[in-house]
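Participant: The structure file model.cif (mmCIF, C-alpha atoms) is provided below.
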data_protein
loop_
_atom_site.label_atom_id
_atom_site.label_comp_id
_atom_site.auth_asym_id
_atom_site.auth_seq_id
_atom_site.Cartn_x
_atom_site.Cartn_y
_atom_site.Cartn_z
CA MET A 1 35.75 18.48 -16.10
CA THR A 2 32.56 17.37 -14.34
CA ALA A 3 31.68 13.68 -14.69
CA THR A 4 28.38 12.86 -16.36
CA PRO A 5 25.81 11.85 -13.69
CA LEU A 6 24.82 8.20 -13.64
CA SER A 7 21.26 7.50 -14.76
CA VAL A 8 19.00 6.04 -12.08
CA LEU A 9 15.40 5.13 -12.87
CA VAL A 10 12.76 4.67 -10.19
CA VAL A 11 9.64 2.91 -11.48
CA GLY A 12 6.52 3.59 -9.42
CA GLY A 13 4.94 6.71 -7.93
CA GLY A 14 3.67 5.30 -4.64
CA TYR A 15 5.07 5.45 -1.12
CA ALA A 16 8.18 3.35 -1.81
CA GLY A 17 9.01 4.84 -5.21
CA VAL A 18 8.60 8.47 -4.17
CA LEU A 19 10.59 8.00 -0.94
CA ALA A 20 13.39 6.27 -2.88
CA ALA A 21 13.51 8.96 -5.58
CA GLN A 22 13.58 11.76 -2.98
CA ARG A 23 16.43 10.03 -1.16
CA LEU A 24 18.48 9.52 -4.33
CA ALA A 25 17.95 13.10 -5.48
CA GLY A 26 20.34 14.37 -2.84
CA ASP A 27 23.26 12.71 -4.64
CA ARG A 28 24.47 15.04 -7.38
CA THR A 29 26.41 12.24 -9.06
CA LEU A 30 23.06 10.75 -10.03
CA ALA A 31 20.44 11.82 -12.57
CA VAL A 32 17.20 10.54 -11.04
CA THR A 33 14.09 9.88 -13.14
CA LEU A 34 10.75 8.77 -11.69
CA VAL A 35 8.54 6.77 -14.08
CA SER A 36 4.88 6.68 -13.09
CA ASP A 37 1.56 6.27 -14.89
CA ARG A 38 -0.02 9.10 -12.86
CA ASP A 39 0.90 12.71 -12.10
CA VAL A 40 -0.20 12.15 -8.52
CA LEU A 41 0.69 10.00 -5.54
CA VAL A 42 -2.40 8.22 -4.22
CA HIS A 43 -2.46 8.35 -0.42
CA ARG A 44 -3.99 4.88 -0.16
CA VAL A 45 -4.42 4.90 3.60
CA ARG A 46 -7.02 7.66 3.18
CA LEU A 47 -9.06 6.08 0.39
CA HIS A 48 -11.77 4.89 2.79
CA GLU A 49 -12.38 8.59 3.51
CA THR A 50 -12.61 9.32 -0.21
CA LEU A 51 -15.13 6.52 -0.62
CA ALA A 52 -17.35 7.63 2.27
CA ARG A 53 -16.91 11.41 2.16
CA GLY A 54 -15.43 12.38 -1.21
CA THR A 55 -12.19 13.79 0.25
CA ASP A 56 -9.12 14.14 -1.97
CA ALA A 57 -6.48 11.48 -1.23
CA THR A 58 -3.96 12.49 -3.91
CA ARG A 59 -0.81 14.61 -3.85
CA ASP A 60 0.56 16.31 -6.97
CA LEU A 61 3.96 14.84 -7.85
CA ARG A 62 4.98 18.09 -9.53
CA THR A 63 5.02 19.86 -6.18
CA LEU A 64 5.91 16.89 -4.00
CA LEU A 65 9.11 15.75 -5.74
CA HIS A 66 12.61 17.16 -5.30
CA ARG A 67 13.44 19.65 -8.05
CA ARG A 68 16.27 17.45 -9.38
CA ILE A 69 13.94 14.54 -10.15
CA THR A 70 12.82 14.20 -13.77
CA ARG A 71 9.33 12.79 -14.25
CA VAL A 72 8.30 10.46 -17.09
CA LEU A 73 4.61 9.69 -17.48
CA GLY A 74 4.08 6.12 -18.61
CA ARG A 75 3.78 2.48 -17.63
CA VAL A 76 6.72 0.09 -17.82
CA ALA A 77 6.15 -3.22 -19.63
CA ARG A 78 9.63 -4.79 -19.78
CA VAL A 79 12.92 -4.49 -17.91
CA SER A 80 16.24 -5.75 -19.24
CA ASP A 81 18.95 -5.87 -16.62
CA ARG A 82 21.37 -7.16 -19.24
CA HIS A 83 20.82 -4.25 -21.64
CA ARG A 84 20.06 -1.72 -18.89
CA THR A 85 16.80 -0.63 -20.49
CA VAL A 86 13.13 -0.36 -19.62
CA THR A 87 10.47 -0.41 -22.32
CA LEU A 88 7.20 1.43 -21.78
CA THR A 89 3.84 0.17 -23.02
CA ASP A 90 3.83 2.92 -25.67
CA GLY A 91 7.14 1.66 -27.11
CA ARG A 92 9.50 4.24 -25.59
CA THR A 93 12.80 2.94 -24.24
CA LEU A 94 14.74 4.41 -21.32
CA ARG A 95 18.30 3.51 -20.38
CA PHE A 96 19.69 3.23 -16.87
CA ASP A 97 22.85 2.62 -14.90
CA ALA A 98 20.74 1.42 -11.96
CA LEU A 99 17.03 0.75 -11.54
CA LEU A 100 14.70 0.65 -8.55
CA VAL A 101 11.34 -1.07 -9.11
CA ALA A 102 8.48 -0.02 -6.81
CA THR A 103 5.33 -0.71 -8.82
CA GLY A 104 3.29 -1.64 -5.76
CA SER A 105 0.27 -3.91 -5.63
CA ARG A 106 -3.12 -4.42 -7.17
CA VAL A 107 -6.40 -5.70 -5.79
CA ARG A 108 -6.68 -9.48 -5.49
CA SER A 109 -10.08 -10.24 -7.00
CA ALA A 110 -10.24 -13.88 -8.09
CA MET A 111 -13.70 -14.43 -6.62
CA SER A 112 -16.58 -14.78 -9.07
CA GLY A 113 -18.21 -11.46 -9.95
CA VAL A 114 -15.83 -9.17 -8.05
CA ALA A 115 -14.24 -7.59 -11.12
CA GLU A 116 -17.62 -6.93 -12.74
CA ASN A 117 -19.81 -6.01 -9.79
CA ALA A 118 -17.77 -4.88 -6.77
CA LEU A 119 -16.01 -1.67 -5.89
CA TRP A 120 -12.54 -1.67 -4.32
CA LEU A 121 -9.99 0.74 -2.94
CA ALA A 122 -6.89 0.76 -5.14
CA ASP A 123 -6.93 4.33 -6.46
CA ASP A 124 -8.72 7.62 -5.95
CA ARG A 125 -10.80 7.43 -9.12
CA ARG A 126 -12.40 4.13 -8.13
CA ALA A 127 -13.02 5.45 -4.62
CA MET A 128 -14.74 8.56 -5.99
CA GLU A 129 -16.97 6.34 -8.12
CA GLY A 130 -18.01 4.67 -4.90
CA PHE A 131 -18.73 7.99 -3.22
CA THR A 132 -21.05 8.98 -6.07
CA ARG A 133 -22.84 5.64 -5.86
CA LEU A 134 -23.24 5.85 -2.08
CA ARG A 135 -24.92 9.24 -2.28
CA ALA A 136 -27.39 7.90 -4.83
CA LEU A 137 -28.50 4.88 -2.77
CA SER A 138 -31.97 4.97 -1.25
CA GLU A 139 -32.55 4.96 2.50
CA GLY A 140 -32.10 1.51 4.03
CA ALA A 141 -30.08 0.17 1.10
CA VAL A 142 -27.57 -2.52 2.06
CA VAL A 143 -23.86 -1.87 1.56
CA THR A 144 -21.80 -5.06 1.91
CA VAL A 145 -18.15 -4.89 2.89
CA VAL A 146 -16.34 -8.15 2.13
CA GLY A 147 -13.30 -8.81 4.28
CA GLY A 148 -12.20 -8.65 7.89
CA GLY A 149 -8.86 -6.82 7.76
CA LEU A 150 -7.89 -3.25 8.51
CA THR A 151 -9.22 -1.84 5.25
CA ALA A 152 -12.58 -3.60 5.63
CA VAL A 153 -13.05 -2.30 9.18
CA GLU A 154 -12.15 1.26 8.20
CA VAL A 155 -14.45 1.17 5.16
CA ALA A 156 -17.41 -0.21 7.11
CA ALA A 157 -17.00 2.24 9.99
CA GLU A 158 -16.48 5.26 7.72
CA ILE A 159 -19.52 4.53 5.56
CA ALA A 160 -21.73 3.83 8.59
CA GLU A 161 -20.70 7.09 10.26
CA ALA A 162 -20.99 9.24 7.12
CA HIS A 163 -24.19 7.62 5.79
CA PRO A 164 -26.32 6.49 8.76
CA ARG A 165 -29.34 6.10 6.48
CA LEU A 166 -27.69 3.03 4.88
CA ARG A 167 -27.34 -0.50 6.31
CA VAL A 168 -23.71 -1.58 6.41
CA VAL A 169 -22.93 -5.31 6.65
CA MET A 170 -19.39 -6.69 7.08
CA ARG A 171 -19.00 -10.26 5.92
CA ALA A 172 -15.90 -12.03 7.18
CA LYS A 173 -14.99 -15.24 8.99
CA THR A 174 -12.69 -13.27 11.33
CA VAL A 175 -12.33 -9.56 12.08
CA LEU A 176 -8.79 -8.26 12.67
CA ALA A 177 -7.15 -11.62 13.27
CA GLY A 178 -3.81 -9.91 13.94
CA TYR A 179 -5.15 -7.87 16.88
CA SER A 180 -5.23 -8.83 20.54
CA ALA A 181 -8.49 -9.91 22.16
CA PRO A 182 -8.93 -6.56 24.01
CA ALA A 183 -8.42 -4.61 20.79
CA ARG A 184 -10.83 -6.82 18.81
CA ARG A 185 -13.43 -6.35 21.52
CA VAL A 186 -13.14 -2.56 21.31
CA VAL A 187 -13.43 -2.67 17.52
CA ARG A 188 -16.56 -4.84 17.64
CA GLU A 189 -18.15 -2.52 20.21
CA ALA A 190 -17.42 0.51 18.04
CA LEU A 191 -18.90 -1.18 14.97
CA ASP A 192 -22.02 -2.01 16.99
CA VAL A 193 -22.38 1.63 18.07
CA LEU A 194 -22.10 2.73 14.42
CA GLY A 195 -24.77 0.23 13.40
CA VAL A 196 -22.50 -2.08 11.40
CA THR A 197 -23.71 -5.68 11.24
CA VAL A 198 -20.88 -8.24 11.34
CA ASP A 199 -21.76 -11.59 9.72
CA ASP A 200 -19.24 -14.45 9.77
CA ARG A 201 -20.73 -16.19 6.74
CA ALA A 202 -18.21 -15.90 3.93
CA VAL A 203 -19.07 -14.56 0.46
CA GLU A 204 -18.67 -16.98 -2.45
CA ALA A 205 -19.70 -14.69 -5.31
CA VAL A 206 -20.68 -11.08 -5.96
CA ARG A 207 -23.61 -10.22 -8.21
CA GLU A 208 -24.92 -6.84 -9.39
CA ASP A 209 -27.48 -6.48 -6.60
CA CYS A 210 -26.64 -9.28 -4.17
CA VAL A 211 -23.94 -11.52 -2.72
CA VAL A 212 -23.94 -15.32 -2.66
CA LEU A 213 -22.84 -16.76 0.69
CA ASP A 214 -20.90 -19.96 1.36
CA ASP A 215 -24.04 -21.67 2.67
CA GLY A 216 -25.82 -20.99 -0.65
CA ARG A 217 -28.01 -18.17 0.60
CA VAL A 218 -28.40 -15.02 -1.49
CA GLU A 219 -28.44 -11.69 0.35
CA PRO A 220 -29.32 -8.30 -1.18
CA SER A 221 -26.51 -5.78 -1.64
CA ALA A 222 -27.11 -2.47 -3.38
CA MET A 223 -23.36 -1.88 -3.35
CA THR A 224 -20.55 -4.30 -2.52
CA VAL A 225 -17.08 -3.13 -1.49
CA TRP A 226 -14.36 -5.74 -1.94
CA CYS A 227 -11.64 -5.66 0.74
CA GLY A 228 -10.14 -9.07 0.05
CA GLY A 229 -6.51 -8.03 -0.02
CA PHE A 230 -3.80 -7.11 -2.52
CA GLU A 231 -1.23 -8.93 -4.62
CA ALA A 232 2.13 -7.80 -5.96
CA ARG A 233 2.32 -6.24 -9.41
CA GLY A 234 5.37 -8.28 -10.41
CA VAL A 235 3.29 -10.36 -12.81
CA GLU A 236 2.63 -7.24 -14.90
CA LEU A 237 6.32 -6.75 -15.72
CA GLU A 238 8.70 -8.76 -17.85
CA GLY A 239 12.16 -8.91 -16.28
CA ASP A 240 15.27 -10.97 -15.67
CA TRP A 241 14.28 -11.57 -12.06
CA THR A 242 12.48 -14.38 -10.25
CA LEU A 243 8.90 -14.13 -8.98
CA ASP A 244 7.64 -15.88 -5.89
CA ASP A 245 4.30 -17.70 -5.76
CA ARG A 246 2.49 -14.42 -4.93
CA GLY A 247 3.83 -12.56 -7.95
CA ALA A 248 6.36 -10.56 -5.94
CA ILE A 249 9.93 -10.06 -7.14
CA ALA A 250 12.41 -12.13 -5.12
CA VAL A 251 15.19 -10.11 -3.47
CA ASP A 252 18.32 -10.78 -1.46
CA GLY A 253 18.98 -9.36 1.99
CA GLY A 254 20.05 -6.03 0.49
CA LEU A 255 16.88 -5.76 -1.66
CA ARG A 256 18.63 -6.40 -4.97
CA ALA A 257 16.44 -8.42 -7.36
CA LYS A 258 17.64 -12.01 -7.52
CA GLY A 259 19.13 -12.75 -10.93
CA CYS A 260 19.87 -9.08 -11.61
CA ALA A 261 23.01 -6.98 -11.22
CA ARG A 262 21.58 -3.46 -11.40
CA VAL A 263 17.97 -3.77 -10.22
CA TRP A 264 16.68 -3.15 -6.68
CA VAL A 265 13.10 -3.67 -5.51
CA ALA A 266 11.01 -2.00 -2.80
CA GLY A 267 7.45 -1.76 -1.53
CA ASP A 268 4.56 -4.14 -2.14
CA VAL A 269 6.11 -5.58 -5.32
CA ALA A 270 9.12 -6.85 -3.35
CA ALA A 271 9.04 -10.29 -1.77
CA ALA A 272 10.03 -10.29 1.89
CA PRO A 273 13.84 -10.47 2.10
CA PRO A 274 15.30 -13.57 3.79
CA GLY A 275 14.71 -13.45 7.53
CA HIS A 276 11.58 -11.31 7.27
CA GLU A 277 9.19 -13.97 6.03
CA PRO A 278 6.28 -14.19 6.51
CA THR A 279 5.62 -11.08 8.56
CA LEU A 280 6.52 -8.26 6.16
CA ARG A 281 3.00 -7.16 5.23
CA MET A 282 1.93 -4.78 2.48
CA ALA A 283 1.66 -1.30 4.03
CA CYS A 284 3.15 2.18 3.86
CA ALA A 285 4.84 1.27 7.16
CA THR A 286 6.99 -1.24 5.26
CA ALA A 287 7.01 0.36 1.80
CA MET A 288 8.84 3.49 2.89
CA PRO A 289 11.65 1.75 4.83
CA LEU A 290 12.07 -0.66 1.92
CA GLY A 291 12.26 2.26 -0.52
CA ALA A 292 14.81 4.11 1.58
CA HIS A 293 17.00 1.07 2.15
CA ALA A 294 16.90 -0.03 -1.50
CA ALA A 295 17.91 3.50 -2.53
CA ASP A 296 20.80 3.47 -0.06
CA ASN A 297 22.08 0.10 -1.30
CA LEU A 298 21.72 1.19 -4.92
CA ARG A 299 24.01 4.14 -4.19
CA ARG A 300 26.45 1.89 -2.34
CA ALA A 301 26.65 -0.43 -5.34
CA LEU A 302 27.34 2.43 -7.75
CA ARG A 303 30.18 3.57 -5.46
CA GLY A 304 31.56 0.05 -5.28
CA ASP A 305 30.64 -0.36 -1.59
CA GLU A 306 29.18 -3.46 0.02
CA ALA A 307 25.40 -3.70 0.49
CA ARG A 308 23.92 -3.64 3.97
CA PRO A 309 21.16 -6.05 5.02
CA PHE A 310 17.67 -4.65 5.44
CA THR A 311 16.63 -4.25 9.07
CA PHE A 312 13.15 -3.42 10.25
CA ALA A 313 10.97 -3.64 13.37
CA TYR A 314 7.24 -3.10 13.74
CA ALA A 315 5.84 -0.87 16.47
CA GLY A 316 2.08 -1.00 16.02
CA GLN A 317 -1.00 -1.26 13.83
CA CYS A 318 -3.68 1.40 13.87
CA VAL A 319 -7.23 1.43 12.56
CA SER A 320 -9.72 4.28 12.34
CA LEU A 321 -13.35 3.72 13.28
CA GLY A 322 -14.87 6.77 11.65
CA ARG A 323 -13.59 10.26 12.46
CA ARG A 324 -14.04 10.11 16.24
CA ARG A 325 -12.74 6.66 17.25
CA GLY A 326 -9.70 4.55 16.61
CA VAL A 327 -7.51 1.78 17.97
CA MET A 328 -3.73 1.68 18.16
CA GLN A 329 -2.56 -1.91 18.66
CA PHE A 330 1.03 -2.16 19.90
CA VAL A 331 3.01 -5.07 18.46
CA ASP A 332 6.44 -6.60 18.92
CA ALA A 333 9.24 -6.29 16.34
CA SER A 334 7.80 -9.19 14.31
CA ASP A 335 4.25 -7.73 14.25
CA HIS A 336 2.72 -9.98 16.92
CA PRO A 337 0.09 -8.17 19.03
CA LEU A 338 0.75 -7.10 22.60
CA ASP A 339 -1.90 -6.39 25.21
CA ARG A 340 -1.21 -2.63 25.07
CA VAL A 341 -3.81 -0.64 23.11
CA VAL A 342 -4.90 2.98 22.76
CA THR A 343 -8.60 3.37 22.03
CA GLY A 344 -11.40 5.89 21.54
CA ARG A 345 -10.65 9.51 20.71
CA ALA A 346 -6.99 9.05 21.63
CA GLY A 347 -6.77 6.14 19.20
CA ALA A 348 -8.26 8.30 16.45
CA LEU A 349 -5.71 11.05 17.13
CA VAL A 350 -2.83 8.56 17.00
CA LYS A 351 -4.11 7.20 13.69
CA ALA A 352 -4.44 10.73 12.25
CA ALA A 353 -0.94 11.61 13.42
CA ILE A 354 0.54 8.53 11.75
CA VAL A 355 -1.27 9.22 8.48
CA GLY A 356 0.03 12.79 8.58
CA TYR A 357 3.54 11.55 9.37
CA VAL A 358 3.57 9.45 6.20
CA MET A 359 3.02 12.39 3.86
CA GLY A 360 5.14 14.69 5.97
CA SER A 361 8.05 12.27 5.75
CA LEU A 362 7.80 12.12 1.97
CA ARG A 363 7.86 15.91 1.75
CA LEU A 364 10.73 16.31 4.22
CA GLU A 365 12.82 13.72 2.40
CA GLY A 366 12.48 15.88 -0.72
CA ARG A 367 13.87 18.86 1.18
CA VAL A 368 16.55 17.00 3.14
CA PRO A 369 17.34 13.73 1.32
CA GLY A 370 18.53 11.06 3.74
CA LEU A 371 16.53 12.41 6.68
CA TYR A 372 14.00 9.56 6.84
CA ARG A 373 14.61 6.88 9.51
CA TRP A 374 12.70 3.79 10.61
CA PRO A 375 12.77 1.28 13.49
CA ALA A 376 15.43 -1.41 13.11
CA GLY A 377 15.33 -4.78 14.80
CA VAL A 378 14.90 -7.82 12.59
CA GLU A 379 17.82 -8.14 10.15
CA ALA A 380 17.72 -9.86 6.77
CA THR A 381 19.83 -13.02 6.74
CA ALA A 382 21.22 -13.05 3.21
#
Before we go any further, please render this structure as structure tokens.

Facilitator:
Amino acid sequence: MTATPLSVLVVGGGYAGVLAAQRLAGDRTLAVTLVSDRDVLVHRVRLHETLARGTDATRDLRTLLHRRITRVLGRVARVSDRHRTVTLTDGRTLRFDALLVATGSRVRSAMSGVAENALWLADDRRAMEGFTRLRALSEGAVVTVVGGGLTAVEVAAEIAEAHPRLRVVMRAKTVLAGYSAPARRVVREALDVLGVTVDDRAVEAVREDCVVLDDGRVEPSAMTVWCGGFEARGVELEGDWTLDDRGAIAVDGGLRAKGCARVWVAGDVAAAPPGHEPTLRMACATAMPLGAHAADNLRRALRGDEARPFTFAYAGQCVSLGRRRGVMQFVDASDHPLDRVVTGRAGALVKAAIVGYVMGSLRLEGRVPGLYRWPAGVEATA
């Protein structure tokens, strides 16, 4: 007689959740179900292109996922490790033998007026709203990009290149603080060439047609794009786990949720495992290794094997500056910048190759589960 497959639920249809589900699908002793509130994976690292140019940054889960993965459309509200159940917002209940939570992150928007008046890049629908608004703006209208990180730089450069009739203003105290001085200099030069104004006066509030600066001045803004960062979605779920002060689910060195026996966590919703604080940033570069490793340890636990600590090493950070320029900043294993950079057209090609590698890896993992690998260097301590 054939044993009944164990039920494994993966909650979340982003980079970490899809990679984990693909990896688990290769084990025929498991019945893998992916729970997601969308029928698509949103390729977040391309949303600045959607905003500026209207390109499609989604991938259909029906064609992306391994054929053995069952899909459930819905949003999870509660998780009970004790009863081995998840409850969806519509009241449905699903049972599991093991659970992997990868619900990702949401935009951090505590500043006054952001929720009501700004646009942000969290999903394709919001980005397409921005594309429609950009096309309707009159010549010379000011588009304000709030933030100085990778997303802010890519948004400002992409809009300036695609819509030269508009005035793009980046407002941030610091631009790309995690980059080396040579790389920051190249980025600033590229923004200057594209006509992007960089203003180090911080924004205190966002209004419908203006922004209020920290010195009290009010500056016009026909459209404001908020790039102020993300926060973990752990606060949206009830569970038997512990949250850290950022709303992420605390995990041990093997990515099992602290306080839980049968729940593993991966991606942006996972707190950095011990030994990786504070450098494990939110990115597909970390989400996919976390998803793969959590899936591997989940399988080990179901077989009665010992968990292995999560190991990971950074290699670089890349940023696009429109379609023709880019910068690849090499970093050490802990994400500290080195003096080595690739710039210009070569930098743009490296960035495009990495973005393509992300989706290619997700597809290949569905065809050959277990194929995905990542750089190892820094090992979790507990």

Participant: Taking the file as I've supplied it (selection: the PyMOL selection byres ((chain A and resi 235) around 10)), which residues are included? Please answer as a PDB file with C-alpha atoms, in the coordinates of the input.

Facilitator:
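Contents of result-v2.pdb, as written:
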ATOM      1  CA  GLU A 231      -1.230  -8.930  -4.620  1.00  0.00           C
ATOM      2  CA  ALA A 232       2.130  -7.800  -5.960  1.00  0.00           C
ATOM      3  CA  ARG A 233       2.320  -6.240  -9.410  1.00  0.00           C
ATOM      4  CA  GLY A 234       5.370  -8.280 -10.410  1.00  0.00           C
ATOM      5  CA  GLU A 236       2.630  -7.240 -14.900  1.00  0.00           C
ATOM      6  CA  LEU A 237       6.320  -6.750 -15.720  1.00  0.00           C
ATOM      7  CA  GLU A 238       8.700  -8.760 -17.850  1.00  0.00           C
ATOM      8  CA  GLY A 239      12.160  -8.910 -16.280  1.00  0.00           C
ATOM      9  CA  LEU A 243       8.900 -14.130  -8.980  1.00  0.00           C
ATOM     10  CA  ASP A 244       7.640 -15.880  -5.890  1.00  0.00           C
ATOM     11  CA  ARG A 246       2.490 -14.420  -4.930  1.00  0.00           C
ATOM     12  CA  GLY A 247       3.830 -12.560  -7.950  1.00  0.00           C
ATOM     13  CA  ALA A 248       6.360 -10.560  -5.940  1.00  0.00           C
ATOM     14  CA  ILE A 249       9.930 -10.060  -7.140  1.00  0.00           C
ATOM     15  CA  VAL A 269       6.110  -5.580  -5.320  1.00  0.00           C
TER      16      VAL A 269
END

Participant: Translate the PyMOL selection byres ((chain A and resi 48) around 7), as applied to the file shown, into an explicit residue set as a list in words.

Facilitator: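 Applying the PyMOL selection byres ((chain A and resi 48) around 7) to the structure shown produces Arg46, Leu47, Glu49, Thr50, Leu51, Ala52, Glu154, Val155 and Glu158 of chain A.
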
Participant: Check which residues satisfy the PyMOL selection byres ((chain A and resi 146) around 8) in the file shown, then give them as number ranges by chain.

Facilitator: A: 144-145, 147-148, 152, 170-172, 203, 224-228

Participant: Would you output that residue set with C-alpha atoms, as a PDB file, keeping the file's coordinate frame?

Facilitator:
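File again_18.pdb, as written:
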ATOM      1  CA  THR A 144     -21.800  -5.060   1.910  1.00  0.00           C
ATOM      2  CA  VAL A 145     -18.150  -4.890   2.890  1.00  0.00           C
ATOM      3  CA  GLY A 147     -13.300  -8.810   4.280  1.00  0.00           C
ATOM      4  CA  GLY A 148     -12.200  -8.650   7.890  1.00  0.00           C
ATOM      5  CA  ALA A 152     -12.580  -3.600   5.630  1.00  0.00           C
ATOM      6  CA  MET A 170     -19.390  -6.690   7.080  1.00  0.00           C
ATOM      7  CA  ARG A 171     -19.000 -10.260   5.920  1.00  0.00           C
ATOM      8  CA  ALA A 172     -15.900 -12.030   7.180  1.00  0.00           C
ATOM      9  CA  VAL A 203     -19.070 -14.560   0.460  1.00  0.00           C
ATOM     10  CA  THR A 224     -20.550  -4.300  -2.520  1.00  0.00           C
ATOM     11  CA  VAL A 225     -17.080  -3.130  -1.490  1.00  0.00           C
ATOM     12  CA  TRP A 226     -14.360  -5.740  -1.940  1.00  0.00           C
ATOM     13  CA  CYS A 227     -11.640  -5.660   0.740  1.00  0.00           C
ATOM     14  CA  GLY A 228     -10.140  -9.070   0.050  1.00  0.00           C
TER      15      GLY A 228
END

Participant: Mind checking which residues fall within 10 Å of Val101 in chain A, counting only C-alpha atoms, ignoring those fewer than 4 positions away in the same chain, and posting them as number ranges by chain?

Facilitator: A: 9-12, 16-17, 20, 35, 76, 79, 234, 249, 256-257, 263-267, 269-270, 291, 294

Participant: Using only C-alpha atoms, which residues sit within 9 Å of Val368 in chain A once same-chain residues fewer than 6 positions away are excluded, as a list of chain:residue names?

Facilitator: A:Gln22, A:Arg23, A:Gly26

Participant: In Å, with one decimal, what is the gap from CA of Val350 in chain A to CA of Ser320 in chain A?

Facilitator: 9.4 Å

Participant: Name the closest residue to Thr85 in chain A among the candidates A:Asp39, A:Asp296, A:Asp214, A:Asp240; distances are taken between atoms, counting only C-alpha atoms.

Facilitator: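 Of A:Asp39, A:Asp296, A:Asp214, A:Asp240, the one nearest Thr85 in chain A, counting only C-alpha atoms, is A:Asp240.
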
Participant: Calculate how many Å separate CA of Asn117 in chain A from CA of Ala177 in chain A, rounding to one decimal.

Facilitator: 26.9 Å

Participant: Check the smallest atom-to-atom distance from each of A:Ala98, A:Leu176, A:Val196, A:Ala122 to Pro337 in chain A using all atoms listed in the file, then report the winner.

Facilitator: A:Leu176

Participant: Please provide the set of residues having any atom within 8 Å of Met328 in chain A, restricted to all atoms listed in the file, with same-chain residues fewer than 5 positions apart removed, written as a ChimeraX atom specification.

Facilitator: /A:316-319,341-343,347,350-351

Participant: Produce a file of the selected residues containing C-alpha atoms, as a short mmCIF file (atom, residue, chain, number, x, y, z; two decimals), in the frame of the given file.

Facilitator:
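The new file out-v5.cif reads:
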data_model
loop_
_atom_site.label_atom_id
_atom_site.label_comp_id
_atom_site.auth_asym_id
_atom_site.auth_seq_id
_atom_site.Cartn_x
_atom_site.Cartn_y
_atom_site.Cartn_z
CA GLY A 316 2.08 -1.00 16.02
CA GLN A 317 -1.00 -1.26 13.83
CA CYS A 318 -3.68 1.40 13.87
CA VAL A 319 -7.23 1.43 12.56
CA VAL A 341 -3.81 -0.64 23.11
CA VAL A 342 -4.90 2.98 22.76
CA THR A 343 -8.60 3.37 22.03
CA GLY A 347 -6.77 6.14 19.20
CA VAL A 350 -2.83 8.56 17.00
CA LYS A 351 -4.11 7.20 13.69
#

Participant: Tell me, as a ChimeraX atom specification, which residues lie within 7 Å of Ala25 in chain A, counting all atoms listed in the file; anything in the same chain fewer than 4 positions away does not count.

Facilitator: /A:21,32,66,68-69,369

Participant: Please, what distance in Å, to one decimal, runs between CA of Ile354 in chain A and CA of Val143 in chain A?

Facilitator: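 Between CA of Ile354 in chain A and CA of Val143 in chain A the gap is 28.4 Å.
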
Participant: Which residue is closest to Thr132 in chain A? Choose from A:Leu302, A:Gly216, A:Arg53, A:Gly104 and count all atoms listed in the file.

Facilitator: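 The answer is A:Arg53, which sits nearest to Thr132 in chain A.
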